[in-house]
Every structure is written in C-alpha cells, then in structure tokens.
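Trainee: Provided below: model05.cif, containing mmCIF, C-alpha atoms.
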```cif
data_protein
#
loop_
_atom_site.label_atom_id
_atom_site.label_comp_id
_atom_site.auth_asym_id
_atom_site.auth_seq_id
_atom_site.Cartn_x
_atom_site.Cartn_y
_atom_site.Cartn_z
CA MET H 25 69.52 84.59 125.97
CA ALA H 26 67.12 85.74 123.37
CA ASP H 27 68.47 89.10 122.30
CA ALA H 28 71.57 89.41 120.20
CA PHE H 29 73.50 92.46 119.16
CA ASN H 30 76.28 93.23 116.69
CA PHE H 31 79.80 92.86 117.91
CA GLU H 32 82.86 93.87 115.93
CA LEU H 33 86.46 93.29 116.86
CA VAL H 34 88.78 95.33 114.69
CA SER H 35 92.55 95.56 114.68
CA PRO H 36 94.46 97.98 112.46
CA GLU H 37 95.40 95.12 110.20
CA ARG H 38 92.05 93.47 109.77
CA LEU H 39 88.49 92.96 110.89
CA LEU H 40 88.57 89.89 113.13
CA VAL H 41 84.97 89.42 114.13
CA SER H 42 81.73 90.87 112.94
CA GLU H 43 78.88 88.81 114.25
CA LYS H 44 75.65 88.62 116.20
CA VAL H 45 76.50 87.88 119.79
CA SER H 46 74.58 87.64 123.02
CA GLU H 47 77.29 88.52 125.47
CA VAL H 48 80.79 90.00 125.46
CA VAL H 49 83.24 90.29 128.34
CA ILE H 50 85.65 93.18 127.89
CA PRO H 51 88.79 93.84 129.95
CA ALA H 52 88.17 97.56 130.49
CA THR H 53 90.79 99.69 132.17
CA LEU H 54 88.66 100.14 135.26
CA GLY H 55 87.79 96.47 135.52
CA GLU H 56 86.21 93.76 133.46
CA MET H 57 82.74 94.43 132.18
CA THR H 58 80.14 92.29 130.52
CA VAL H 59 78.18 93.85 127.71
CA LEU H 60 74.68 92.65 126.98
CA VAL H 61 72.12 94.02 124.60
CA ASN H 62 70.67 97.48 125.44
CA HIS H 63 73.77 98.54 127.29
CA ALA H 64 74.00 102.27 127.94
CA PRO H 65 76.22 104.07 125.38
CA THR H 66 79.70 103.83 126.81
CA MET H 67 83.18 104.45 125.64
CA THR H 68 86.03 102.86 127.48
CA THR H 69 89.70 102.14 127.11
CA ILE H 70 90.94 98.60 127.30
CA LYS H 71 93.85 96.98 129.02
CA PRO H 72 95.65 93.89 127.71
CA GLY H 73 93.47 90.90 128.45
CA VAL H 74 91.08 88.31 127.17
CA VAL H 75 87.88 89.21 125.37
CA SER H 76 85.35 86.45 125.59
CA VAL H 77 82.62 86.50 123.01
CA LYS H 78 79.46 84.45 123.34
CA LEU H 79 77.88 84.03 119.93
CA ALA H 80 74.16 84.00 119.43
CA SER H 81 74.47 80.27 118.86
CA GLY H 82 75.91 79.82 122.34
CA GLN H 83 79.46 79.13 121.24
CA VAL H 84 82.15 81.00 123.16
CA ASN H 85 85.22 82.41 121.38
CA LYS H 86 88.16 83.95 123.16
CA TYR H 87 90.52 86.60 121.82
CA VAL H 88 93.56 88.21 123.34
CA VAL H 89 93.79 91.97 122.89
CA PHE H 90 96.60 94.36 123.70
CA GLY H 91 95.08 97.68 124.56
CA GLY H 92 92.63 99.75 122.57
CA PHE H 93 89.14 101.02 123.26
CA ALA H 94 85.53 99.98 122.98
CA ASP H 95 82.54 101.88 121.71
CA ILE H 96 79.37 100.45 123.15
CA LEU H 97 75.88 101.32 121.94
CA PRO H 98 72.54 99.74 122.86
CA ASP H 99 72.46 97.72 119.65
CA SER H 100 76.15 97.28 118.89
CA CYS H 101 79.58 97.05 120.36
CA THR H 102 82.79 97.89 118.52
CA LEU H 103 86.13 96.98 119.97
CA LEU H 104 89.10 98.71 118.40
CA ALA H 105 92.14 96.78 119.54
CA GLU H 106 95.68 97.88 118.92
CA SER H 107 96.47 94.28 118.27
CA ALA H 108 94.27 91.22 118.64
CA VAL H 109 94.68 87.49 118.11
CA PRO H 110 92.44 84.50 118.72
CA ALA H 111 93.47 83.07 122.08
CA ALA H 112 94.33 79.72 120.52
CA GLU H 113 96.90 81.32 118.24
CA LEU H 114 98.75 83.18 120.95
CA THR H 115 102.15 81.76 121.72
CA ARG H 116 104.42 82.28 124.65
CA GLU H 117 107.07 83.77 122.36
CA THR H 118 104.97 86.65 121.07
CA LEU H 119 103.90 87.51 124.58
CA GLN H 120 107.43 87.30 125.86
CA HIS H 121 108.56 89.54 123.03
CA ARG H 122 106.00 92.15 124.00
CA ILE H 123 107.01 92.00 127.62
CA GLU H 124 110.60 92.57 126.65
CA THR H 125 109.82 95.56 124.43
CA THR H 126 107.77 97.11 127.21
CA GLN H 127 110.59 96.56 129.65
CA ALA H 128 112.95 98.28 127.24
CA ASP H 129 110.48 101.17 126.93
CA ILE H 130 110.36 101.58 130.68
CA GLY H 131 114.10 101.96 130.71
CA LYS H 132 113.83 104.72 128.13
CA ALA H 133 110.82 106.50 129.62
CA THR H 134 111.63 110.01 130.76
CA SER H 135 108.57 111.19 132.65
CA ASP H 136 107.33 109.40 135.75
CA GLU H 137 103.79 109.44 134.48
CA HIS H 138 104.75 107.63 131.33
CA LYS H 139 106.76 105.17 133.35
CA THR H 140 103.85 104.37 135.61
CA LYS H 141 101.65 103.77 132.60
CA LEU H 142 104.16 101.42 131.05
CA GLU H 143 104.69 99.56 134.29
CA GLN H 144 100.98 99.05 134.59
CA PHE H 145 100.92 97.76 131.05
CA LEU H 146 103.77 95.41 131.88
CA ALA H 147 101.96 94.10 134.92
CA GLU H 148 98.91 93.33 132.78
CA LEU H 149 101.05 91.54 130.25
CA THR H 150 102.78 89.46 132.88
CA HIS H 151 99.44 88.57 134.39
CA LEU H 152 98.20 87.59 130.97
CA ASN H 153 101.26 85.46 130.48
CA GLY H 154 100.33 83.45 133.53
CA VAL H 155 96.65 83.11 132.68
CA VAL H 156 96.51 82.47 128.98
CA VAL H 157 99.49 80.37 128.24
CA ALA H 158 98.96 78.11 131.19
CA ALA H 159 95.40 77.44 130.09
CA MET R 3 124.63 101.61 59.38
CA PRO R 4 125.07 98.79 61.88
CA SER R 5 126.08 95.46 60.51
CA LEU R 6 123.83 92.42 60.45
CA LYS R 7 125.60 90.94 63.41
CA ASP R 8 125.20 94.12 65.46
CA LEU R 9 121.49 94.18 64.73
CA LYS R 10 121.13 90.59 65.74
CA ASN R 11 122.86 91.28 69.03
CA ARG R 12 120.67 94.25 69.72
CA ILE R 13 117.51 92.30 69.06
CA ALA R 14 118.68 89.65 71.48
CA SER R 15 119.43 92.20 74.18
CA VAL R 16 116.09 93.98 73.81
CA LYS R 17 114.35 90.62 74.00
CA ALA R 18 116.15 89.86 77.25
CA THR R 19 115.09 93.24 78.66
CA GLN R 20 111.53 92.60 77.62
CA LYS R 21 111.55 89.31 79.48
CA ILE R 22 112.70 91.05 82.64
CA THR R 23 110.15 93.85 82.47
CA LYS R 24 107.42 91.34 81.77
CA ALA R 25 108.39 89.31 84.81
CA MET R 26 108.52 92.44 86.95
CA LYS R 27 105.10 93.42 85.78
CA MET R 28 103.68 90.09 86.83
CA VAL R 29 105.37 90.20 90.20
CA ALA R 30 104.05 93.72 90.76
CA ALA R 31 100.55 92.60 89.80
CA ALA R 32 100.62 89.80 92.35
CA LYS R 33 102.00 92.04 95.05
CA LEU R 34 99.54 94.77 94.17
CA ARG R 35 96.66 92.47 94.90
CA ARG R 36 98.03 91.64 98.31
CA ALA R 37 98.77 95.28 99.06
CA GLN R 38 95.30 96.25 98.01
CA GLU R 39 93.78 93.61 100.26
CA ALA R 40 95.85 94.85 103.17
CA ALA R 41 94.75 98.42 102.53
CA GLU R 42 91.14 97.35 102.42
CA ALA R 43 91.44 95.27 105.58
CA ALA R 44 92.79 98.28 107.44
CA ARG R 45 89.94 100.48 106.39
CA PRO R 46 87.30 99.53 109.00
CA TYR R 47 89.60 100.36 111.89
CA ALA R 48 90.61 103.72 110.49
CA GLU R 49 87.03 104.62 109.65
CA ARG R 50 85.72 103.82 113.11
CA MET R 51 88.62 105.55 114.76
CA ASP R 52 87.82 108.60 112.69
CA LYS R 53 84.16 108.49 113.65
CA VAL R 54 84.79 108.14 117.35
CA LEU R 55 87.49 110.78 117.42
CA GLY R 56 85.45 113.10 115.26
CA SER R 57 82.60 113.12 117.76
CA LEU R 58 84.96 113.35 120.72
CA ALA R 59 86.79 116.21 119.08
CA ALA R 60 83.56 118.00 118.27
CA ALA R 61 82.54 117.75 121.92
CA ASN R 62 85.90 119.16 122.96
CA ALA R 63 86.09 121.82 120.27
CA GLY R 64 85.70 124.87 122.47
CA ASN R 65 87.60 123.38 125.36
CA ALA R 66 90.62 125.48 126.27
CA ASP R 67 92.52 122.63 127.88
CA ALA R 68 91.98 120.13 125.11
CA PRO R 69 95.12 118.09 124.39
CA ILE R 70 97.60 119.98 122.24
CA LEU R 71 97.62 117.16 119.72
CA LEU R 72 94.09 118.27 118.90
CA SER R 73 94.25 122.03 119.29
CA GLY R 74 97.84 122.54 118.20
CA THR R 75 100.52 124.56 119.94
CA GLY R 76 98.96 127.79 118.83
CA LYS R 77 101.85 128.54 116.51
CA ASP R 78 102.75 127.42 113.04
CA GLN R 79 106.38 128.39 112.88
CA VAL R 80 108.06 125.02 112.61
CA HIS R 81 106.69 122.51 110.14
CA LEU R 82 107.50 118.84 110.01
CA LEU R 83 107.06 117.10 106.69
CA VAL R 84 106.79 113.34 106.86
CA VAL R 85 107.55 112.14 103.36
CA ALA R 86 106.69 108.52 102.69
CA THR R 87 108.08 107.08 99.47
CA GLY R 88 109.00 103.68 98.11
CA GLU R 89 112.13 101.74 98.87
CA ARG R 90 112.78 100.99 95.25
CA GLY R 91 112.56 102.72 91.92
CA LEU R 92 111.35 101.40 88.55
CA ALA R 93 107.84 102.55 89.30
CA GLY R 94 107.33 105.35 86.81
CA GLY R 95 106.52 108.67 88.39
CA PHE R 96 105.51 107.24 91.75
CA ASN R 97 108.40 108.45 93.89
CA SER R 98 109.09 111.63 91.99
CA SER R 99 105.50 112.86 92.18
CA ILE R 100 105.44 112.51 95.98
CA ILE R 101 108.81 114.17 96.23
CA ARG R 102 107.77 117.00 93.95
CA LEU R 103 104.69 117.70 96.07
CA ALA R 104 106.75 117.68 99.26
CA ARG R 105 109.43 119.86 97.74
CA ASP R 106 106.96 122.44 96.49
CA HIS R 107 105.37 122.52 99.90
CA ALA R 108 108.73 122.92 101.63
CA GLN R 109 109.78 125.71 99.30
CA LYS R 110 106.51 127.54 99.86
CA LEU R 111 106.96 127.31 103.62
CA LEU R 112 110.56 128.43 103.42
CA ALA R 113 109.55 131.41 101.29
CA GLN R 114 107.11 132.37 104.06
CA GLY R 115 109.98 132.39 106.51
CA LYS R 116 108.94 129.22 108.34
CA THR R 117 111.28 126.56 109.56
CA VAL R 118 111.00 123.23 107.78
CA LYS R 119 112.05 119.88 109.16
CA ILE R 120 111.78 116.72 107.11
CA LEU R 121 111.37 113.13 108.19
CA THR R 122 111.74 110.71 105.34
CA VAL R 123 110.26 107.24 105.28
CA GLY R 124 111.63 105.13 102.48
CA ARG R 125 114.98 105.17 100.79
CA LYS R 126 114.05 106.81 97.50
CA GLY R 127 112.63 109.96 99.01
CA ASN R 128 115.57 110.27 101.32
CA ASP R 129 118.07 110.01 98.48
CA VAL R 130 116.45 112.72 96.41
CA LEU R 131 115.47 115.14 99.18
CA ARG R 132 118.91 114.89 100.72
CA ARG R 133 120.29 116.61 97.65
CA SER R 134 118.26 119.80 98.00
CA PHE R 135 117.28 119.82 101.70
CA LYS R 136 120.30 118.27 103.35
CA ASP R 137 120.10 120.44 106.45
CA ASN R 138 116.35 120.07 106.86
CA ILE R 139 116.22 116.30 107.11
CA VAL R 140 116.06 115.42 110.76
CA HIS R 141 115.40 111.73 110.61
CA TYR R 142 115.23 108.86 108.17
CA ILE R 143 113.37 105.60 108.55
CA THR R 144 113.64 102.75 106.11
CA PHE R 145 111.67 99.54 105.85
CA ARG R 146 114.00 97.95 103.39
CA GLU R 147 114.25 94.69 105.28
CA VAL R 148 110.55 94.55 106.08
CA LYS R 149 108.68 92.06 103.94
CA GLN R 150 105.12 92.57 105.11
CA LEU R 151 104.12 96.02 106.25
CA GLY R 152 102.50 95.81 109.66
CA PHE R 153 101.15 98.15 112.24
CA VAL R 154 104.45 97.83 114.10
CA GLN R 155 106.24 99.81 111.38
CA ALA R 156 103.65 102.56 111.40
CA ASP R 157 103.92 102.68 115.15
CA GLU R 158 107.64 103.18 114.87
CA VAL R 159 107.15 106.23 112.66
CA ALA R 160 104.37 107.58 114.88
CA HIS R 161 106.57 107.07 117.92
CA LYS R 162 109.28 109.20 116.41
CA VAL R 163 106.85 111.93 115.35
CA LEU R 164 105.22 112.08 118.78
CA GLU R 165 108.55 112.09 120.53
CA MET R 166 109.56 115.13 118.52
CA PHE R 167 106.23 116.82 119.07
CA ASN R 168 106.39 116.30 122.82
CA ALA R 169 109.87 117.73 122.84
CA GLY R 170 108.42 120.83 121.17
CA GLU R 171 110.43 120.41 118.03
CA PHE R 172 107.65 121.37 115.64
CA ASP R 173 104.15 122.85 115.55
CA VAL R 174 102.51 121.36 112.49
CA ALA R 175 103.06 117.97 110.92
CA THR R 176 102.05 117.06 107.39
CA LEU R 177 102.19 113.61 105.91
CA PHE R 178 103.02 113.09 102.24
CA PHE R 179 102.05 109.89 100.51
CA SER R 180 100.35 108.60 97.42
CA ARG R 181 96.66 107.84 97.63
CA PHE R 182 95.68 104.72 95.76
CA GLN R 183 92.77 105.34 93.44
CA SER R 184 93.21 102.65 90.86
CA VAL R 185 95.96 100.72 89.18
CA ILE R 186 96.52 103.52 86.71
CA SER R 187 95.90 106.48 88.97
CA GLN R 188 97.73 107.31 92.17
CA VAL R 189 97.35 110.75 93.63
CA PRO R 190 100.16 112.29 95.67
CA THR R 191 98.52 113.71 98.77
CA ALA R 192 99.43 115.96 101.66
CA GLN R 193 97.57 115.31 104.89
CA GLN R 194 97.91 117.31 108.06
CA ILE R 195 98.18 114.99 111.06
CA ILE R 196 99.14 117.36 113.88
CA PRO R 197 97.10 119.20 115.00
CA ALA R 198 94.52 116.58 114.13
CA LYS R 199 91.93 117.50 111.55
CA PHE R 200 88.64 115.72 111.13
CA GLU R 201 86.12 115.98 108.41
CA THR R 202 83.46 118.33 109.65
CA LYS R 203 80.19 116.55 109.92
CA ASP R 204 76.79 117.94 109.10
CA ALA R 205 75.15 119.64 112.03
CA GLY R 206 72.20 117.28 111.90
CA GLU R 207 74.30 114.13 112.12
CA PRO R 208 72.91 111.83 114.80
CA ALA R 209 76.36 110.54 115.74
CA THR R 210 77.32 113.91 117.19
CA GLY R 211 74.02 114.22 118.97
CA SER R 212 74.33 110.88 120.73
CA ALA R 213 77.90 111.60 121.74
CA ALA R 214 76.65 113.74 124.57
CA LEU R 215 74.84 110.74 126.04
CA TYR R 216 77.93 108.60 126.21
CA GLU R 217 79.33 107.41 129.44
CA TYR R 218 83.07 107.63 129.50
CA GLU R 219 85.30 105.30 131.36
CA PRO R 220 87.70 106.66 132.59
CA SER R 221 87.00 110.32 131.69
CA GLU R 222 86.38 111.85 128.31
CA GLU R 223 89.64 113.79 128.43
CA GLU R 224 91.65 110.74 129.32
CA ILE R 225 90.20 108.76 126.47
CA LEU R 226 90.89 111.59 124.09
CA GLU R 227 94.44 111.84 125.33
CA ASP R 228 94.86 108.13 124.87
CA LEU R 229 93.33 108.02 121.44
CA LEU R 230 94.98 110.96 119.75
CA PRO R 231 98.48 109.44 119.67
CA LYS R 232 96.96 106.18 118.51
CA ASN R 233 95.18 108.02 115.76
CA ILE R 234 98.51 109.35 114.48
CA ALA R 235 99.78 105.79 114.22
CA VAL R 236 96.61 104.72 112.45
CA GLN R 237 96.80 107.58 109.97
CA ILE R 238 100.42 106.77 109.23
CA PHE R 239 99.60 103.09 108.90
CA ARG R 240 96.89 103.85 106.42
CA ALA R 241 99.20 106.13 104.47
CA LEU R 242 101.89 103.47 104.35
CA LEU R 243 99.47 100.85 103.09
CA GLU R 244 98.05 103.17 100.46
CA ASN R 245 101.57 104.04 99.47
CA ASN R 246 102.45 100.40 99.16
CA ALA R 247 99.47 99.68 96.95
CA SER R 248 100.19 102.77 94.86
CA PHE R 249 103.79 101.73 94.47
CA TYR R 250 102.91 98.37 92.99
CA GLY R 251 100.21 99.93 90.85
CA ALA R 252 102.69 102.42 89.45
CA GLN R 253 105.31 99.76 88.99
CA MET R 254 102.88 97.54 87.18
CA SER R 255 101.89 100.18 84.67
CA ALA R 256 105.49 101.34 84.25
CA MET R 257 106.60 97.80 83.52
CA ASP R 258 103.68 97.28 81.19
CA ASN R 259 104.80 100.33 79.23
CA ALA R 260 108.36 99.14 79.19
CA THR R 261 107.32 95.73 77.89
CA ARG R 262 105.33 97.34 75.14
CA ASN R 263 108.15 99.69 74.21
CA ALA R 264 110.53 96.77 74.03
CA GLY R 265 108.07 94.99 71.73
CA ASP R 266 107.94 98.02 69.41
CA MET R 267 111.71 98.20 69.40
CA ILE R 268 112.05 94.53 68.55
CA ASN R 269 109.67 94.99 65.63
CA LYS R 270 111.64 97.95 64.31
CA LEU R 271 114.96 96.21 64.68
CA THR R 272 113.68 93.04 63.06
CA LEU R 273 112.41 95.07 60.11
CA SER R 274 115.74 96.77 59.51
CA TYR R 275 117.51 93.47 60.06
CA ASN R 276 115.42 91.82 57.36
CA ARG R 277 115.85 94.75 55.04
CA GLN R 278 119.56 94.71 55.40
CA ARG R 279 119.74 90.99 54.86
CA GLN R 280 117.66 91.38 51.68
CA ALA R 281 119.94 94.18 50.49
CA GLN R 282 122.95 92.01 51.02
CA ILE R 283 121.43 89.14 49.07
CA THR R 284 120.53 91.49 46.23
CA LYS R 285 124.02 92.90 46.24
CA GLU R 286 125.55 89.44 46.01
CA LEU R 287 123.24 88.49 43.16
CA ILE R 288 124.13 91.62 41.26
CA GLU R 289 127.80 90.85 41.69
CA ILE R 290 127.35 87.31 40.36
CA ILE R 291 125.22 88.41 37.42
CA SER R 292 127.45 91.30 36.41
CA GLY R 293 130.43 88.97 36.76
CA ALA R 294 128.76 86.43 34.45
CA GLU R 295 127.82 89.13 31.93
CA ALA R 296 131.38 90.39 31.77
CA LEU R 297 132.61 87.02 30.49
#
```
Rewrite the structure of this file - the entire thing - as structure tokens.
Mentor:
Amino acid sequence: MADAFNFELVSPERLLVSEKVSEVVIPATLGEMTVLVNHAPTMTTIKPGVVSVKLASGQVNKYVVFGGFADILPDSCTLLAESAVPAAELTRETLQHRIETTQADIGKATSDEHKTKLEQFLAELTHLNGVVVAA
Amino acid sequence: MPSLKDLKNRIASVKATQKITKAMKMVAAAKLRRAQEAAEAARPYAERMDKVLGSLAAANAGNADAPILLSGTGKDQVHLLVVATGERGLAGGFNSSIIRLARDHAQKLLAQGKTVKILTVGRKGNDVLRRSFKDNIVHYITFREVKQLGFVQADEVAHKVLEMFNAGEFDVATLFFSRFQSVISQVPTAQQIIPAKFETKDAGEPATGSAALYEYEPSEEEILEDLLPKNIAVQIFRALLENNASFYGAQMSAMDNATRNAGDMINKLTLSYNRQRQAQITKELIEIISGAEAL
C-alpha cells in the first residue's frame, strides 16, 4: 500500500492516536467498514467493537472502542470514541462492569425504543466480551 | 500591650499557619499542572465534536423537525441553571464568583417572571445557593469522593440534565463554570447548552460547503439525534475540567497570598517583640542605675 492518510482516534479524555495509516477497519453501526485513502466523505456512528489500524509502516494496532462516531474525508479519518482503550489493556473486569451498568440501565429504561437501543448495545458488548478477551 | 510571652506565642502560631499555607500552595501547584494537562487533552475531542455538529446543525437549521435539543422547545419559560463549583473552599474568590454570576442570572430571570430551577454540581455552590434559593434547587451532585475527574462523572451530570429535559421539566439550560485563562485569571462563565448553540461560521467556510457532500450512515437525522446528547456530556466534561484547573489556579494564588501575608505578619510581630524586649532591658538597667545612685 503506497498511499497513507491521517487517522486520529480521540476519546473525551485524550488523543490516543494521530498517525499516518494505510488502512483502518471501523465497526460502524451498519456493519464493519474498511477505510482506505480517497474514501468518499462519510459520517457514521460506531458500535462497540475493535478498531484495527494498519500503520503506514505495516504494523497493525488494535483498539477497543465503546460507541462514538467517525468522520471520514478523502485525506483523513477522525474517530471520536466515547471511550477507547488499546486492545491489550482491556481487561475482563472493565468489560464486565460495563455490561452490568448497561443491564441496570435496561431495567430503568422507560421507553421501548430506548430499551431496544440499550439491548443492542448490550449484545455488542457481550459479543465483544467473547471475541476480545478470549484472544 | 501584649506581654513578651504572648508575642512569642503569636509568632509561633503565625509561623505554623505559614507552613500550612505554603504546603497547600505547593500541592495546588502540582495538582494544577495535572488538571491543566487533563483539560488540554480533552480539547481535541471537544473541538472536533463542535466542528462536526456545527456543520450538521447548519445543514439542519431550517428543518422544522430537527431534534428539540437543537431547536429548543419553542418556549423559554422554565430555565435550568447548572452551577458547577468546587468541592472545597480556601481558593480565594473562585467559588463565590461563580455563585455570584449564577445568582445574578437567577434573580434576573425571576424578575422577568420566569421559573428557575437549579442543579448544583459541587458542595460549595450547593451550600451557598441553598441559603437563598432553597426551593429552586432540584438536584445536587457531588464528586467529593472522586479523585480523578473522568468522562463518567460528566456523563452522570449530562444524564440527569437530559432526563429532566426529556421529561419536559425545563426549556433552556445554562451551565455556570469558571473558564481557565491562566493561573492568575479565571473567568466565571455562563454557557447555554440546551438548545445547543454553535459558533456561527463564516459563510465562505469550506467545512460547511463540503458537508453537503457527506454520506451519512445511518441517516443525517439519526446521527444528529445521537450526537446532540453526547455533545451535552462533552460540554459538561469540558466545563468540569476547566473548573478543576481554575480551582487549583485560584487556590494556588490564594495560598500564595496567604503565605506572603503570614510573612509580613511575622516580620511585624518580630519587630514589636524585639522592641519590647529592648524596652524591658532598658527599664531594668535604669532601675539598677537609679538604685546605685540612691546609695
């Protein structure tokens, strides 16, 4: 891959990544998508999942994100995550904690629509639990 | 005139106070640096969020069914004031200047016949506002046990605000906090968060132009609906971080002043102590000499 573009992964607490990359896989709400250089301008929401970043040098870094959205331009891609951690630093406890809070939220949810949303979120988290921690 | 012993005791006590204020100043300085770093680290997210939302909002400006978080409820009868203050005192005018701003605002609104509801974040603001606006305070959140301010805390506040908004409990929300400018200058600020306000961009800005070319996944409206509540949390998070940095800045300069004042006081007391000691010696000498002369 010759062409690289700027990728930024930002969480409210800090800027995690700001580098030249050749390829990024994003867990978008409507399915995973791979972003390469010269992608059409797109804005998408993100579900909890793994972001895999291929640096210009060929090295692949993985990050776990919990919701957010991505702003994709032909020459750059910005991922605003609600919360993001390098995959290696994720522990079963933090994930479990999140699952529990979401479960508690479902119990409190008043509208069906909200409930469905939360249940979806929970399903993603549980799925993530199986994939990431096992690996 | 206090006796020599009294003076000595007072000097000792002022010295002890000075030691404490000096230590507090140093602690505040160390914490200030961390708070400042945190505030700076949060900036990129907030800036990008602002940019994206700004262009989305501009595209939706004339839209009649835009989310009510953006367009407002169409009324401005009930106002919610979110007042963020420190958990502790001993920070000069930090807490009182935020409270004063909020109080003036509340009184102005009340004079206009509006309904005012207050949500206090932080113990100090709650204590003071409770005195004059006891019936207006609807909720109180404290982060007394929280060591490191995180997004989770901001989310908790945002959650509460949104819950109230969705229940139709208020029309306009304003956030009060102290903007951190420098160690010696913190500006109490009022920021309207609901309905959302964005800085109006120049007409020729390319960002707005390219917004029309975006593909949205899922739809533009859904993204906007998803982002607006998040934006509230981000704004509150930023305010809390700025507040935190301002607090330590204010505390540092307050403690610096206190240390200096204590130093001045020690000098004054030492001077009068020495004078009095000298006077006593002179008095004793005179007594001896006049006694000797009398013989």
Trainee: Using all atoms listed in the file, give me every residue within 9 Å of (94.4, 92.6, 126.2) in file coordinates, as a list in words.
Mentor: Ile50, Pro51, Ile70, Lys71, Pro72, Gly73, Val74, Val75, Tyr87, Val88, Val89, Phe90, Gly91, Gly92, Ala105, Ser107, Ala108, Glu148, Leu149 and Leu152 of chain H
Trainee: With the file shown as input, list the residues that the PyMOL selection byres ((chain R) within 9 of (chain H)) selects, as a ChimeraX atom specification.
Mentor: /R:40-48,50-51,54,152-153,212-213,215-222,225,228-229,232,236,239-240
Trainee: What's the separation between atom CA of R:Ala256 and atom CA of R:Phe179, in Å to one decimal place?
Mentor: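 We find that atom CA of R:Ala256 and atom CA of R:Phe179 lie 18.7 Å from each other.
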Trainee: Could you check which of R:Thr75, R:Thr23, R:Thr176, R:Asn62 is closest to R:Ala93, using all atoms listed in the file?
Mentor: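 Using all atoms listed in the file, the shortest distance to R:Ala93 belongs to R:Thr23.
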Trainee: Could you work out how far atom CA of R:Ser73 lies from atom CA of R:Ala59, giving the answer in Å with one decimal?
Mentor: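 Atom CA of R:Ser73 lies at a distance of 9.5 Å from atom CA of R:Ala59.
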Trainee: At what distance in Å, to one decimal, does atom CA of R:Val154 lie from atom CA of R:Leu177?
Mentor: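 Separation of atom CA of R:Leu177 and atom CA of R:Val154: 17.9 Å.
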Trainee: Please identify all polymer residues within 7 Å of R:Ala175, counting all atoms listed in the file, omitting same-chain residues fewer than 2 positions from it, and present them as a ChimeraX atom specification.
Mentor: /R:81-83,173,177,194-196
Trainee: Identify all residues satisfying the PyMOL selection byres ((chain H and resi 150) around 12) in the given file; provide them as a short mmCIF file (atom, residue, chain, number, x, y, z; two decimals) with C-alpha atoms, keeping the file's coordinate frame.
Mentor:
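Output contents, as saved in selection-v1.cif:
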```
data_model
loop_
_atom_site.label_atom_id
_atom_site.label_comp_id
_atom_site.auth_asym_id
_atom_site.auth_seq_id
_atom_site.Cartn_x
_atom_site.Cartn_y
_atom_site.Cartn_z
CA PRO H 72 95.65 93.89 127.71
CA GLY H 73 93.47 90.90 128.45
CA ARG H 116 104.42 82.28 124.65
CA LEU H 119 103.90 87.51 124.58
CA GLN H 120 107.43 87.30 125.86
CA HIS H 121 108.56 89.54 123.03
CA ARG H 122 106.00 92.15 124.00
CA ILE H 123 107.01 92.00 127.62
CA GLU H 124 110.60 92.57 126.65
CA THR H 126 107.77 97.11 127.21
CA GLN H 127 110.59 96.56 129.65
CA GLU H 143 104.69 99.56 134.29
CA GLN H 144 100.98 99.05 134.59
CA PHE H 145 100.92 97.76 131.05
CA LEU H 146 103.77 95.41 131.88
CA ALA H 147 101.96 94.10 134.92
CA GLU H 148 98.91 93.33 132.78
CA LEU H 149 101.05 91.54 130.25
CA HIS H 151 99.44 88.57 134.39
CA LEU H 152 98.20 87.59 130.97
CA ASN H 153 101.26 85.46 130.48
CA GLY H 154 100.33 83.45 133.53
CA VAL H 155 96.65 83.11 132.68
CA VAL H 156 96.51 82.47 128.98
CA VAL H 157 99.49 80.37 128.24
#
```
Trainee: Excluding stretch 274-278 of chain R and residues on its chain fewer than 2 positions from it, collect all residues at most 12 Å away from it, counting all atoms listed in the file, and give them as number ranges by chain.
Mentor: R: 3-13, 267-272, 280-285
Trainee: Could you check which of R:Ile186, R:Val123, R:Ile143, R:Ala60 is closest to R:Met254, using all atoms listed in the file?
Mentor: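 Using all atoms listed in the file, the shortest distance to R:Met254 belongs to R:Ile186.
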Trainee: Just so the selection is clear, what residues does the PyMOL selection byres ((chain R and resi 90) around 9) cover here, as a list in words?
Mentor: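 Those residues are Thr87, Gly88, Glu89, Gly91, Leu92, Ala93, Asn97, Gly124, Arg125, Lys126 and Arg146 of chain R.
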